>>> print(open('target-v7.tsv').read())   # TSV, C-alpha atoms
chain	number	residue	atom	x	y	z
A	1	MET	CA	-86.97	28.73	-12.75
A	2	SER	CA	-88.09	32.34	-12.44
A	3	PRO	CA	-86.29	35.06	-14.48
A	4	LEU	CA	-85.30	36.81	-11.29
A	5	ILE	CA	-83.54	33.77	-9.84
A	6	PHE	CA	-81.81	33.10	-13.15
A	7	LYS	CA	-80.42	36.65	-13.25
A	8	GLU	CA	-79.06	36.30	-9.70
A	9	ILE	CA	-77.31	33.01	-10.60
A	10	MET	CA	-75.71	34.53	-13.71
A	11	ALA	CA	-74.51	37.58	-11.80
A	12	THR	CA	-72.91	35.38	-9.14
A	13	TYR	CA	-71.24	33.17	-11.80
A	14	LYS	CA	-69.80	36.13	-13.71
A	15	LYS	CA	-68.45	37.66	-10.53
A	16	LYS	CA	-66.80	34.38	-9.53
A	17	TYR	CA	-65.38	33.71	-13.00
A	18	LYS	CA	-63.94	37.19	-13.29
A	19	ALA	CA	-62.29	36.88	-9.85
A	20	GLU	CA	-60.78	33.50	-10.70
A	21	GLY	CA	-59.58	34.82	-14.03
A	22	LYS	CA	-57.81	37.70	-12.36
A	23	LYS	CA	-56.23	35.32	-9.85
A	24	ALA	CA	-54.96	33.02	-12.59
A	25	GLU	CA	-53.69	36.01	-14.54
A	26	THR	CA	-51.87	37.26	-11.44
A	27	GLN	CA	-50.29	33.82	-10.85
A	28	LEU	CA	-49.25	33.67	-14.49
A	29	ASP	CA	-47.65	37.11	-14.26
A	30	GLU	CA	-45.76	36.11	-11.10
A	31	SER	CA	-44.58	32.86	-12.73
A	32	GLU	CA	-43.35	34.72	-15.79
A	33	PHE	CA	-41.58	37.23	-13.54
A	34	GLU	CA	-39.83	34.44	-11.58
A	35	THR	CA	-38.81	32.67	-14.81
A	36	ALA	CA	-37.42	35.88	-16.19
A	37	GLY	CA	-35.49	36.41	-12.97
A	38	VAL	CA	-33.95	32.93	-13.15
A	39	LEU	CA	-33.00	33.42	-16.79
A	40	ASN	CA	-31.42	36.76	-15.99
A	41	THR	CA	-29.44	35.18	-13.15
A	42	LEU	CA	-28.26	32.36	-15.43
A	43	ASP	CA	-27.35	34.85	-18.09
A	44	GLU	CA	-25.32	36.89	-15.60
A	45	THR	CA	-23.58	33.72	-14.33
A	46	VAL	CA	-22.72	32.59	-17.86
A	47	SER	CA	-21.51	36.06	-18.68
A	48	ARG	CA	-19.25	36.16	-15.60
A	49	SER	CA	-17.92	32.66	-16.43
A	50	GLU	CA	-17.15	33.73	-19.98
A	51	GLN	CA	-15.37	36.82	-18.70
A	52	TRP	CA	-13.35	34.73	-16.23
A	53	ILE	CA	-12.38	32.19	-18.90
A	54	GLU	CA	-11.47	34.97	-21.32
A	55	LYS	CA	-9.38	36.67	-18.65
A	56	ASN	CA	-7.63	33.45	-17.60
A	57	SER	CA	-7.42	31.70	-20.95
A	58	LYS	CA	-3.63	31.91	-21.16
A	59	PRO	CA	-2.94	30.55	-17.65
A	60	LEU	CA	-5.46	27.76	-18.28
A	61	PHE	CA	-3.83	26.91	-21.59
A	62	TYR	CA	-0.34	26.89	-20.07
A	63	SER	CA	-1.54	24.72	-17.17
A	64	LEU	CA	-3.02	22.22	-19.61
A	65	VAL	CA	0.17	22.22	-21.66
A	66	GLY	CA	2.17	21.72	-18.45
A	67	ILE	CA	0.08	18.69	-17.44
A	68	VAL	CA	0.51	17.14	-20.89
A	69	VAL	CA	4.28	17.77	-20.83
A	70	ILE	CA	4.62	16.20	-17.36
A	71	PHE	CA	2.61	13.16	-18.46
A	72	LEU	CA	4.67	12.70	-21.64
A	73	ALA	CA	7.90	13.17	-19.68
A	74	TYR	CA	6.81	10.52	-17.18
A	75	MET	CA	5.94	8.09	-19.98
A	76	ALA	CA	9.27	8.74	-21.70
A	77	TYR	CA	11.19	8.37	-18.43
A	78	THR	CA	9.45	5.06	-17.72
A	79	LYS	CA	9.98	3.69	-21.24
A	80	TYR	CA	13.52	4.87	-21.95
A	81	ILE	CA	15.12	4.95	-18.49
A	82	VAL	CA	13.22	2.91	-15.87
A	83	GLU	CA	12.37	-0.12	-18.00
A	84	PRO	CA	15.87	-0.55	-19.55
A	85	LYS	CA	17.44	-0.05	-16.11
A	86	GLU	CA	15.15	-2.70	-14.64
A	87	THR	CA	16.01	-5.11	-17.46
A	88	ASN	CA	19.76	-4.53	-17.05
A	89	ALA	CA	19.56	-5.00	-13.29
A	90	SER	CA	17.62	-8.23	-13.68
A	91	ASN	CA	20.22	-9.55	-16.14
A	92	GLU	CA	23.07	-8.57	-13.83
A	93	LEU	CA	21.43	-10.42	-10.93
A	94	ALA	CA	21.77	-13.78	-12.68
A	95	PHE	CA	25.55	-13.94	-12.14
A	96	PRO	CA	25.75	-13.61	-8.32
A	97	ARG	CA	22.64	-15.72	-7.83
A	98	LYS	CA	24.49	-18.65	-9.40
A	99	TYR	CA	27.04	-18.55	-6.56
A	100	PHE	CA	24.36	-17.97	-3.94
A	101	ASP	CA	22.48	-21.08	-5.12
A	102	GLU	CA	25.68	-23.13	-5.22
A	103	ALA	CA	26.48	-22.12	-1.64
A	104	ALA	CA	23.09	-23.44	-0.52
A	105	THR	CA	24.02	-26.97	-1.57
A	106	ALA	CA	27.80	-26.91	-1.13
A	107	GLY	CA	29.28	-29.04	1.60
A	108	SER	CA	32.31	-26.80	2.06
A	109	GLY	CA	33.78	-23.56	0.75
A	110	ILE	CA	30.48	-21.79	1.34
A	111	ASP	CA	32.05	-18.51	2.38
A	112	SER	CA	34.11	-18.23	-0.81
A	113	LEU	CA	31.00	-18.83	-2.93
A	114	LEU	CA	29.02	-16.28	-0.96
A	115	THR	CA	31.84	-13.77	-1.31
A	116	LEU	CA	31.81	-14.22	-5.08
A	117	GLY	CA	28.08	-13.61	-5.00
A	118	LEU	CA	28.51	-10.49	-2.91
A	119	GLU	CA	31.45	-8.94	-4.73
A	120	GLY	CA	31.12	-10.34	-8.25
A	121	ALA	CA	33.95	-11.55	-10.50
A	122	ASP	CA	35.29	-11.42	-14.06
A	123	GLY	CA	33.81	-7.97	-14.65
A	124	ASN	CA	30.37	-9.03	-13.45
A	125	TYR	CA	28.50	-7.26	-10.68
A	126	GLY	CA	27.85	-8.90	-7.34
A	127	PHE	CA	24.89	-8.24	-5.06
A	128	LEU	CA	26.59	-5.22	-3.47
A	129	ASP	CA	27.20	-3.49	-6.81
A	130	ILE	CA	23.70	-4.23	-8.04
A	131	ALA	CA	22.09	-2.93	-4.85
A	132	LYS	CA	24.07	0.30	-5.18
A	133	SER	CA	24.02	0.88	-8.95
A	134	TYR	CA	20.41	-0.18	-9.49
A	135	SER	CA	18.85	1.31	-6.39
A	136	GLY	CA	15.13	1.85	-6.91
A	137	THR	CA	14.64	-1.16	-9.18
A	138	ASP	CA	13.07	-4.47	-8.18
A	139	ALA	CA	16.35	-6.25	-8.90
A	140	GLY	CA	18.30	-3.75	-6.80
A	141	ASN	CA	15.87	-4.30	-3.95
A	142	LEU	CA	16.24	-8.06	-4.28
A	143	ALA	CA	20.04	-7.72	-4.28
A	144	ASN	CA	19.75	-6.25	-0.77
A	145	TYR	CA	17.95	-9.41	0.34
A	146	TYR	CA	20.56	-11.75	-1.14
A	147	ALA	CA	23.38	-9.66	0.33
A	148	GLY	CA	21.75	-9.72	3.76
A	149	ILE	CA	21.20	-13.48	3.73
A	150	SER	CA	24.77	-14.02	2.48
A	151	TYR	CA	26.20	-11.98	5.33
A	152	LEU	CA	23.96	-13.82	7.80
A	153	GLN	CA	25.36	-17.15	6.61
A	154	MET	CA	28.87	-15.75	6.89
A	155	LYS	CA	28.06	-14.66	10.48
A	156	ASP	CA	28.62	-11.00	9.70
A	157	TYR	CA	25.45	-10.06	11.57
A	158	LYS	CA	25.72	-6.28	11.49
A	159	LYS	CA	26.05	-6.20	7.72
A	160	ALA	CA	23.26	-8.77	7.46
A	161	ILE	CA	20.96	-6.43	9.40
A	162	GLU	CA	22.11	-3.43	7.36
A	163	TYR	CA	21.18	-4.98	4.01
A	164	LEU	CA	18.07	-6.82	5.11
A	165	GLU	CA	16.64	-3.60	6.55
A	166	LYS	CA	17.02	-2.01	3.10
A	167	PHE	CA	14.94	-4.78	1.57
A	168	ASN	CA	11.18	-4.32	1.31
A	169	SER	CA	8.69	-6.83	-0.04
A	170	ASP	CA	5.04	-7.83	0.26
A	171	ASP	CA	5.78	-11.26	-1.16
A	172	GLU	CA	4.06	-14.07	0.74
A	173	MET	CA	7.37	-15.71	1.66
A	174	LEU	CA	10.17	-13.18	1.17
A	175	GLY	CA	8.46	-10.48	3.22
A	176	PRO	CA	8.23	-12.52	6.45
A	177	VAL	CA	11.51	-14.40	5.88
A	178	SER	CA	13.53	-11.20	5.51
A	179	LEU	CA	12.11	-9.81	8.78
A	180	GLY	CA	12.68	-13.14	10.52
A	181	ALA	CA	16.28	-13.19	9.26
A	182	ILE	CA	16.85	-9.80	10.91
A	183	GLY	CA	15.45	-11.35	14.08
A	184	ASP	CA	17.94	-14.22	13.76
A	185	ALA	CA	20.82	-11.76	13.33
A	186	PHE	CA	19.82	-9.83	16.46
A	187	ALA	CA	19.43	-13.09	18.37
A	188	ASP	CA	22.96	-14.11	17.37
A	189	ILE	CA	24.43	-10.89	18.76
A	190	ASN	CA	22.41	-11.28	21.98
A	191	GLN	CA	19.97	-8.46	21.33
A	192	ALA	CA	16.91	-10.45	22.35
A	193	GLU	CA	14.53	-7.49	22.60
A	194	ASP	CA	15.23	-6.52	18.99
A	195	ALA	CA	15.00	-10.15	17.94
A	196	LEU	CA	11.57	-10.46	19.57
A	197	ASP	CA	10.41	-7.31	17.81
A	198	TYR	CA	11.41	-8.63	14.38
A	199	TYR	CA	10.06	-12.13	14.99
A	200	THR	CA	6.73	-10.56	15.88
A	201	LYS	CA	6.79	-8.43	12.72
A	202	ALA	CA	7.65	-11.51	10.66
A	203	ALA	CA	4.79	-13.51	12.18
A	204	ASN	CA	2.31	-10.71	11.42
A	205	LYS	CA	3.60	-9.82	7.96
A	206	LYS	CA	1.67	-12.56	6.15
A	207	ASP	CA	-0.71	-15.23	7.32
A	208	ASN	CA	0.32	-18.64	6.02
A	209	GLU	CA	1.00	-22.15	7.30
A	210	PHE	CA	4.77	-21.93	7.02
A	211	THR	CA	6.21	-18.57	8.06
A	212	THR	CA	3.55	-17.55	10.58
A	213	PRO	CA	3.87	-20.51	12.99
A	214	LEU	CA	7.66	-20.57	12.52
A	215	PHE	CA	8.09	-16.98	13.66
A	216	LEU	CA	5.41	-17.23	16.33
A	217	TYR	CA	7.48	-20.09	17.75
A	218	LYS	CA	10.71	-18.09	17.59
A	219	ALA	CA	8.95	-15.12	19.18
A	220	GLY	CA	7.67	-17.40	21.95
A	221	GLN	CA	11.10	-18.85	22.62
A	222	THR	CA	12.66	-15.39	22.72
A	223	ALA	CA	9.93	-14.15	25.05
A	224	MET	CA	10.70	-17.07	27.38
A	225	GLU	CA	14.36	-16.06	27.30
A	226	LEU	CA	13.36	-12.53	28.30
A	227	LYS	CA	11.08	-13.92	31.04
A	228	LYS	CA	8.04	-12.46	29.32
A	229	TYR	CA	6.01	-15.56	30.04
A	230	ASP	CA	2.58	-14.10	29.30
A	231	LYS	CA	3.74	-13.08	25.83
A	232	ALA	CA	5.32	-16.47	25.28
A	233	GLU	CA	2.08	-18.22	26.21
A	234	THR	CA	0.16	-15.97	23.81
A	235	PHE	CA	2.50	-16.80	20.93
A	236	PHE	CA	2.41	-20.55	21.64
A	237	SER	CA	-1.37	-20.58	22.14
A	238	LYS	CA	-1.88	-18.89	18.77
A	239	ILE	CA	0.06	-21.70	17.13
A	240	LYS	CA	-2.15	-24.24	18.89
A	241	SER	CA	-5.41	-22.55	17.85
A	242	LYS	CA	-4.57	-21.52	14.28
A	243	TYR	CA	-1.71	-23.76	13.09
A	244	PRO	CA	-2.06	-27.09	14.94
A	245	THR	CA	-0.89	-29.14	11.93
A	246	SER	CA	2.29	-27.13	11.36
A	247	ASP	CA	5.70	-28.46	12.41
A	248	GLN	CA	5.64	-26.13	15.40
A	249	GLY	CA	2.08	-27.08	16.32
A	250	ARG	CA	2.74	-30.78	16.93
A	251	ASP	CA	4.39	-30.41	20.35
A	252	ILE	CA	3.14	-26.94	21.21
A	253	GLU	CA	1.26	-28.09	24.32
A	254	LYS	CA	4.48	-28.62	26.24
A	255	PHE	CA	5.67	-25.09	25.41
A	256	ILE	CA	2.36	-23.63	26.54
A	257	GLY	CA	2.72	-25.63	29.75
A	258	ALA	CA	6.28	-24.41	30.24
A	259	ALA	CA	5.20	-20.78	29.86
A	260	LYS	CA	2.36	-21.23	32.36
A	261	TYR	CA	4.59	-23.03	34.83
A	262	ALA	CA	7.31	-20.36	34.62
A	263	LYS	CA	4.99	-17.53	35.63
>>> encode(input="target-v7.tsv", output="C-alpha coordinates")
Amino acid sequence: MSPLIFKEIMATYKKKYKAEGKKAETQLDESEFETAGVLNTLDETVSRSEQWIEKNSKPLFYSLVGIVVIFLAYMAYTKYIVEPKETNASNELAFPRKYFDEAATAGSGIDSLLTLGLEGADGNYGFLDIAKSYSGTDAGNLANYYAGISYLQMKDYKKAIEYLEKFNSDDEMLGPVSLGAIGDAFADINQAEDALDYYTKAANKKDNEFTTPLFLYKAGQTAMELKKYDKAETFFSKIKSKYPTSDQGRDIEKFIGAAKYAK
(Lines of atoms letter the chains of each structure in order from A and count residues from 1; the text may use other names and numbers.)
(Lines give C-alpha, C1' and ligand atoms only; values in the text may rest on other atoms or scores of the structure.)
Protein backbone atom coordinates (compact mmCIF):
# COMPACT_ATOMS: atom_id res chain seq x y z
CA MET A 1 0.00 0.00 0.00
CA SER A 2 1.43 3.38 -0.97
CA PRO A 3 2.11 6.00 1.78
CA LEU A 4 -0.30 8.38 0.12
CA ILE A 5 -3.22 5.94 0.21
CA PHE A 6 -2.42 5.04 3.82
CA LYS A 7 -2.55 8.71 4.86
CA GLU A 8 -5.93 9.16 3.17
CA ILE A 9 -7.36 6.10 5.00
CA MET A 10 -6.10 7.34 8.38
CA ALA A 11 -7.52 10.81 7.81
CA THR A 12 -10.92 9.37 6.92
CA TYR A 13 -10.87 7.06 9.99
CA LYS A 14 -9.97 9.87 12.40
CA LYS A 15 -12.68 12.09 10.98
CA LYS A 16 -15.27 9.33 11.34
CA TYR A 17 -14.17 8.35 14.85
CA LYS A 18 -14.20 11.93 16.06
CA ALA A 19 -17.72 12.45 14.66
CA GLU A 20 -19.02 9.27 16.28
CA GLY A 21 -17.38 10.22 19.55
CA LYS A 22 -19.09 13.58 19.54
CA LYS A 23 -22.42 11.93 18.75
CA ALA A 24 -22.06 9.46 21.61
CA GLU A 25 -21.00 12.26 23.93
CA THR A 26 -24.06 14.27 22.89
CA GLN A 27 -26.36 11.28 23.50
CA LEU A 28 -24.75 10.72 26.88
CA ASP A 29 -25.26 14.37 27.83
CA GLU A 30 -28.92 14.22 26.78
CA SER A 31 -29.44 10.99 28.75
CA GLU A 32 -27.88 12.51 31.84
CA PHE A 33 -30.06 15.60 31.41
CA GLU A 34 -33.24 13.49 31.14
CA THR A 35 -32.26 11.41 34.19
CA ALA A 36 -31.60 14.55 36.16
CA GLY A 37 -34.98 15.89 35.12
CA VAL A 38 -36.77 12.73 36.26
CA LEU A 39 -34.94 12.78 39.58
CA ASN A 40 -35.83 16.42 40.09
CA THR A 41 -39.49 15.66 39.34
CA LEU A 42 -39.47 12.74 41.79
CA ASP A 43 -37.81 14.89 44.38
CA GLU A 44 -40.43 17.60 43.94
CA THR A 45 -43.24 15.01 44.16
CA VAL A 46 -41.79 13.48 47.33
CA SER A 47 -41.32 16.92 48.78
CA ARG A 48 -44.95 17.89 48.05
CA SER A 49 -46.15 14.57 49.54
CA GLU A 50 -44.12 15.17 52.68
CA GLN A 51 -45.53 18.67 52.96
CA TRP A 52 -49.09 17.37 52.50
CA ILE A 53 -48.61 14.63 55.11
CA GLU A 54 -47.04 17.09 57.52
CA LYS A 55 -49.90 19.52 56.99
CA ASN A 56 -52.58 16.84 57.38
CA SER A 57 -50.93 14.64 59.97
CA LYS A 58 -53.45 15.42 62.70
CA PRO A 59 -56.57 14.78 60.57
CA LEU A 60 -55.00 11.55 59.30
CA PHE A 61 -54.18 10.46 62.84
CA TYR A 62 -57.68 11.26 64.08
CA SER A 63 -59.23 9.41 61.12
CA LEU A 64 -57.14 6.35 61.90
CA VAL A 65 -58.08 6.53 65.57
CA GLY A 66 -61.74 6.89 64.56
CA ILE A 67 -61.60 3.77 62.38
CA VAL A 68 -59.99 1.77 65.19
CA VAL A 69 -62.59 3.01 67.71
CA ILE A 70 -65.48 2.10 65.37
CA PHE A 71 -64.01 -1.37 64.80
CA LEU A 72 -63.50 -1.99 68.53
CA ALA A 73 -67.00 -0.68 69.29
CA TYR A 74 -68.47 -3.03 66.68
CA MET A 75 -66.56 -5.99 68.14
CA ALA A 76 -67.67 -5.09 71.67
CA TYR A 77 -71.28 -4.61 70.56
CA THR A 78 -71.26 -8.01 68.84
CA LYS A 79 -69.64 -9.82 71.77
CA TYR A 80 -71.44 -8.20 74.70
CA ILE A 81 -74.84 -7.31 73.24
CA VAL A 82 -75.68 -9.18 70.02
CA GLU A 83 -74.36 -12.62 70.98
CA PRO A 84 -75.95 -12.70 74.49
CA LYS A 85 -79.22 -11.41 73.03
CA GLU A 86 -79.16 -14.13 70.38
CA THR A 87 -78.47 -16.78 73.02
CA ASN A 88 -81.30 -15.54 75.26
CA ALA A 89 -83.73 -15.42 72.36
CA SER A 90 -82.83 -18.95 71.31
CA ASN A 91 -83.38 -20.20 74.87
CA GLU A 92 -86.72 -18.40 75.11
CA LEU A 93 -87.88 -20.01 71.85
CA ALA A 94 -87.74 -23.51 73.35
CA PHE A 95 -90.84 -22.96 75.51
CA PRO A 96 -93.42 -21.99 72.84
CA ARG A 97 -92.00 -24.48 70.35
CA LYS A 98 -92.97 -27.27 72.74
CA TYR A 99 -96.64 -26.31 72.38
CA PHE A 100 -96.31 -25.76 68.65
CA ASP A 101 -94.90 -29.28 68.21
CA GLU A 102 -97.60 -30.76 70.44
CA ALA A 103 -100.30 -29.07 68.36
CA ALA A 104 -98.91 -30.74 65.23
CA THR A 105 -99.71 -34.19 66.61
CA ALA A 106 -102.68 -33.44 68.85
CA GLY A 107 -106.03 -34.83 67.83
CA SER A 108 -108.00 -32.08 69.56
CA GLY A 109 -107.44 -28.89 71.54
CA ILE A 110 -105.06 -27.62 68.89
CA ASP A 111 -106.11 -24.00 69.21
CA SER A 112 -105.42 -23.91 72.95
CA LEU A 113 -101.93 -25.34 72.40
CA LEU A 114 -101.23 -22.87 69.62
CA THR A 115 -102.45 -20.01 71.81
CA LEU A 116 -100.04 -21.06 74.56
CA GLY A 117 -97.28 -21.07 71.98
CA LEU A 118 -98.25 -17.62 70.75
CA GLU A 119 -98.80 -15.92 74.09
CA GLY A 120 -96.57 -17.92 76.45
CA ALA A 121 -97.39 -18.99 80.02
CA ASP A 122 -95.98 -19.21 83.54
CA GLY A 123 -93.74 -16.19 83.00
CA ASN A 124 -92.30 -17.59 79.78
CA TYR A 125 -92.38 -15.74 76.48
CA GLY A 126 -94.49 -16.90 73.58
CA PHE A 127 -93.72 -16.37 69.90
CA LEU A 128 -95.30 -12.91 69.90
CA ASP A 129 -93.13 -11.66 72.78
CA ILE A 130 -89.98 -13.15 71.31
CA ALA A 131 -90.64 -11.63 67.88
CA LYS A 132 -91.10 -8.22 69.49
CA SER A 133 -88.45 -8.27 72.23
CA TYR A 134 -85.74 -9.99 70.18
CA SER A 135 -86.32 -8.28 66.85
CA GLY A 136 -83.19 -8.46 64.72
CA THR A 137 -82.03 -11.83 66.04
CA ASP A 138 -82.33 -15.15 64.21
CA ALA A 139 -84.62 -16.46 66.95
CA GLY A 140 -86.82 -13.37 66.74
CA ASN A 141 -87.09 -13.84 62.99
CA LEU A 142 -87.99 -17.50 63.46
CA ALA A 143 -90.64 -16.54 66.04
CA ASN A 144 -92.40 -14.59 63.27
CA TYR A 145 -92.57 -17.79 61.22
CA TYR A 146 -94.01 -19.88 64.05
CA ALA A 147 -96.51 -17.14 64.90
CA GLY A 148 -97.62 -16.91 61.28
CA ILE A 149 -98.07 -20.67 60.89
CA SER A 150 -99.93 -20.81 64.23
CA TYR A 151 -102.36 -18.13 63.12
CA LEU A 152 -102.80 -19.89 59.78
CA GLN A 153 -103.79 -23.10 61.57
CA MET A 154 -106.17 -21.11 63.76
CA LYS A 155 -107.70 -19.61 60.58
CA ASP A 156 -106.74 -16.07 61.55
CA TYR A 157 -105.49 -15.38 58.04
CA LYS A 158 -104.77 -11.67 58.30
CA LYS A 159 -102.50 -12.15 61.30
CA ALA A 160 -100.92 -15.15 59.58
CA ILE A 161 -100.01 -12.93 56.62
CA GLU A 162 -98.80 -10.15 58.92
CA TYR A 163 -96.29 -12.35 60.74
CA LEU A 164 -95.20 -14.48 57.81
CA GLU A 165 -94.38 -11.35 55.80
CA LYS A 166 -92.02 -10.29 58.61
CA PHE A 167 -90.16 -13.58 58.30
CA ASN A 168 -87.19 -13.79 55.95
CA SER A 169 -85.10 -16.86 55.24
CA ASP A 170 -82.90 -18.38 52.54
CA ASP A 171 -83.28 -21.83 54.06
CA GLU A 172 -83.95 -24.54 51.47
CA MET A 173 -87.30 -25.45 53.03
CA LEU A 174 -88.41 -22.60 55.31
CA GLY A 175 -87.91 -19.92 52.66
CA PRO A 176 -90.34 -21.42 50.12
CA VAL A 177 -92.75 -22.81 52.74
CA SER A 178 -93.22 -19.42 54.41
CA LEU A 179 -94.04 -17.78 51.05
CA GLY A 180 -96.36 -20.65 50.14
CA ALA A 181 -98.12 -20.30 53.50
CA ILE A 182 -98.84 -16.65 52.69
CA GLY A 183 -100.27 -17.88 49.40
CA ASP A 184 -102.51 -20.31 51.31
CA ALA A 185 -103.72 -17.51 53.59
CA PHE A 186 -104.63 -15.30 50.62
CA ALA A 187 -106.36 -18.23 48.94
CA ASP A 188 -108.45 -18.80 52.06
CA ILE A 189 -109.69 -15.20 52.05
CA ASN A 190 -110.44 -15.39 48.32
CA GLN A 191 -107.63 -13.16 47.16
CA ALA A 192 -106.55 -15.43 44.32
CA GLU A 193 -104.34 -12.89 42.55
CA ASP A 194 -102.24 -12.41 45.68
CA ALA A 195 -102.22 -16.16 46.27
CA LEU A 196 -100.91 -16.76 42.74
CA ASP A 197 -98.19 -14.17 43.28
CA TYR A 198 -96.95 -15.84 46.47
CA TYR A 199 -97.19 -19.37 45.07
CA THR A 200 -95.03 -18.24 42.17
CA LYS A 201 -92.50 -16.67 44.55
CA ALA A 202 -92.47 -19.86 46.63
CA ALA A 203 -91.88 -22.03 43.56
CA ASN A 204 -88.96 -19.83 42.46
CA LYS A 205 -87.40 -19.31 45.89
CA LYS A 206 -85.46 -22.59 45.89
CA ASP A 207 -85.13 -25.39 43.39
CA ASN A 208 -85.80 -28.75 45.03
CA GLU A 209 -87.93 -31.85 44.52
CA PHE A 210 -90.41 -31.06 47.28
CA THR A 211 -91.35 -27.39 47.52
CA THR A 212 -90.86 -26.42 43.87
CA PRO A 213 -93.36 -28.86 42.29
CA LEU A 214 -95.78 -28.37 45.21
CA PHE A 215 -96.02 -24.62 44.69
CA LEU A 216 -95.92 -24.88 40.90
CA TYR A 217 -98.99 -27.10 41.24
CA LYS A 218 -100.73 -24.65 43.57
CA ALA A 219 -99.84 -21.79 41.22
CA GLY A 220 -101.27 -23.77 38.30
CA GLN A 221 -104.50 -24.51 40.13
CA THR A 222 -104.89 -20.87 41.13
CA ALA A 223 -104.18 -19.74 37.58
CA MET A 224 -106.94 -22.08 36.37
CA GLU A 225 -109.28 -20.51 38.92
CA LEU A 226 -108.41 -17.07 37.53
CA LYS A 227 -108.90 -18.37 33.95
CA LYS A 228 -105.25 -17.72 33.17
CA TYR A 229 -104.98 -20.96 31.25
CA ASP A 230 -101.71 -20.21 29.48
CA LYS A 231 -100.02 -19.59 32.81
CA ALA A 232 -101.56 -22.71 34.27
CA GLU A 233 -100.26 -24.80 31.38
CA THR A 234 -96.79 -23.31 31.86
CA PHE A 235 -96.75 -24.21 35.55
CA PHE A 236 -98.02 -27.76 34.94
CA SER A 237 -95.64 -28.32 32.01
CA LYS A 238 -92.68 -27.30 34.16
CA ILE A 239 -93.64 -29.98 36.66
CA LYS A 240 -93.79 -32.53 33.85
CA SER A 241 -90.38 -31.59 32.41
CA LYS A 242 -88.40 -31.02 35.62
CA TYR A 243 -90.17 -32.93 38.41
CA PRO A 244 -91.90 -35.93 36.79
CA THR A 245 -91.23 -38.22 39.78
CA SER A 246 -92.68 -35.83 42.37
CA ASP A 247 -96.12 -36.40 43.90
CA GLN A 248 -97.50 -33.65 41.68
CA GLY A 249 -95.78 -35.01 38.58
CA ARG A 250 -97.51 -38.41 38.56
CA ASP A 251 -100.85 -37.23 37.16
CA ILE A 252 -99.73 -33.92 35.71
CA GLU A 253 -100.70 -34.85 32.14
CA LYS A 254 -104.39 -34.53 32.90
CA PHE A 255 -103.89 -31.03 34.35
CA ILE A 256 -101.92 -29.96 31.28
CA GLY A 257 -104.75 -31.34 29.15
CA ALA A 258 -107.35 -29.49 31.22
CA ALA A 259 -105.48 -26.19 30.79
CA LYS A 260 -105.20 -26.70 27.02
CA TYR A 261 -108.84 -27.68 26.70
CA ALA A 262 -110.04 -24.67 28.73
CA LYS A 263 -108.38 -22.13 26.42
>>> residues_around(input="target-v7.tsv", residues="A:Leu152", least_positions_apart="6", cutoff="9 Å", atoms="only C-alpha atoms", output="list in words")
Lys158, Lys159, Ala160, Ile161, Ala181, Ile182, Asp184 and Ala185 of chain A
>>> closest_residue(input="target-v7.tsv", among="A:Ile130, A:Leu216, A:Ala192, A:Ala262", to="A:Asn88", atoms="only C-alpha atoms")
A:Ile130
>>> closest_residue(input="target-v7.tsv", among="A:Asn141, A:Gln221, A:Thr200, A:Gln153", to="A:Asp111", atoms="all atoms listed in the file")
A:Gln153
>>> residues_around(input="target-v7.tsv", residues="stretch 90-103 of chain A", least_positions_apart="6", cutoff="10 Å", atoms="all atoms listed in the file", output="NGL selection string")
:A and (84 or 109-121 or 124-131 or 134 or 137-140 or 142-143 or 146-147 or 149-150 or 153)
>>> residues_around(input="target-v7.tsv", residues="A:Ala203", least_positions_apart="4", cutoff="10 Å", atoms="all atoms listed in the file", output="count of residues only")
19
>>> atom_distance(input="target-v7.tsv", atom1="atom CA of A:Lys201", atom2="atom CA of A:Glu86")
29.2 Å
>>> closest_residue(input="target-v7.tsv", among="A:Lys155, A:Lys260, A:Lys166, A:Lys205", to="A:Thr234", atoms="all atoms listed in the file")
A:Lys260
>>> atom_distance(input="target-v7.tsv", atom1="atom CA of A:Tyr157", atom2="atom CA of A:Gly183")
10.4 Å
>>> atom_distance(input="target-v7.tsv", atom1="atom CA of A:Thr245", atom2="atom CA of A:Asn204")
18.7 Å
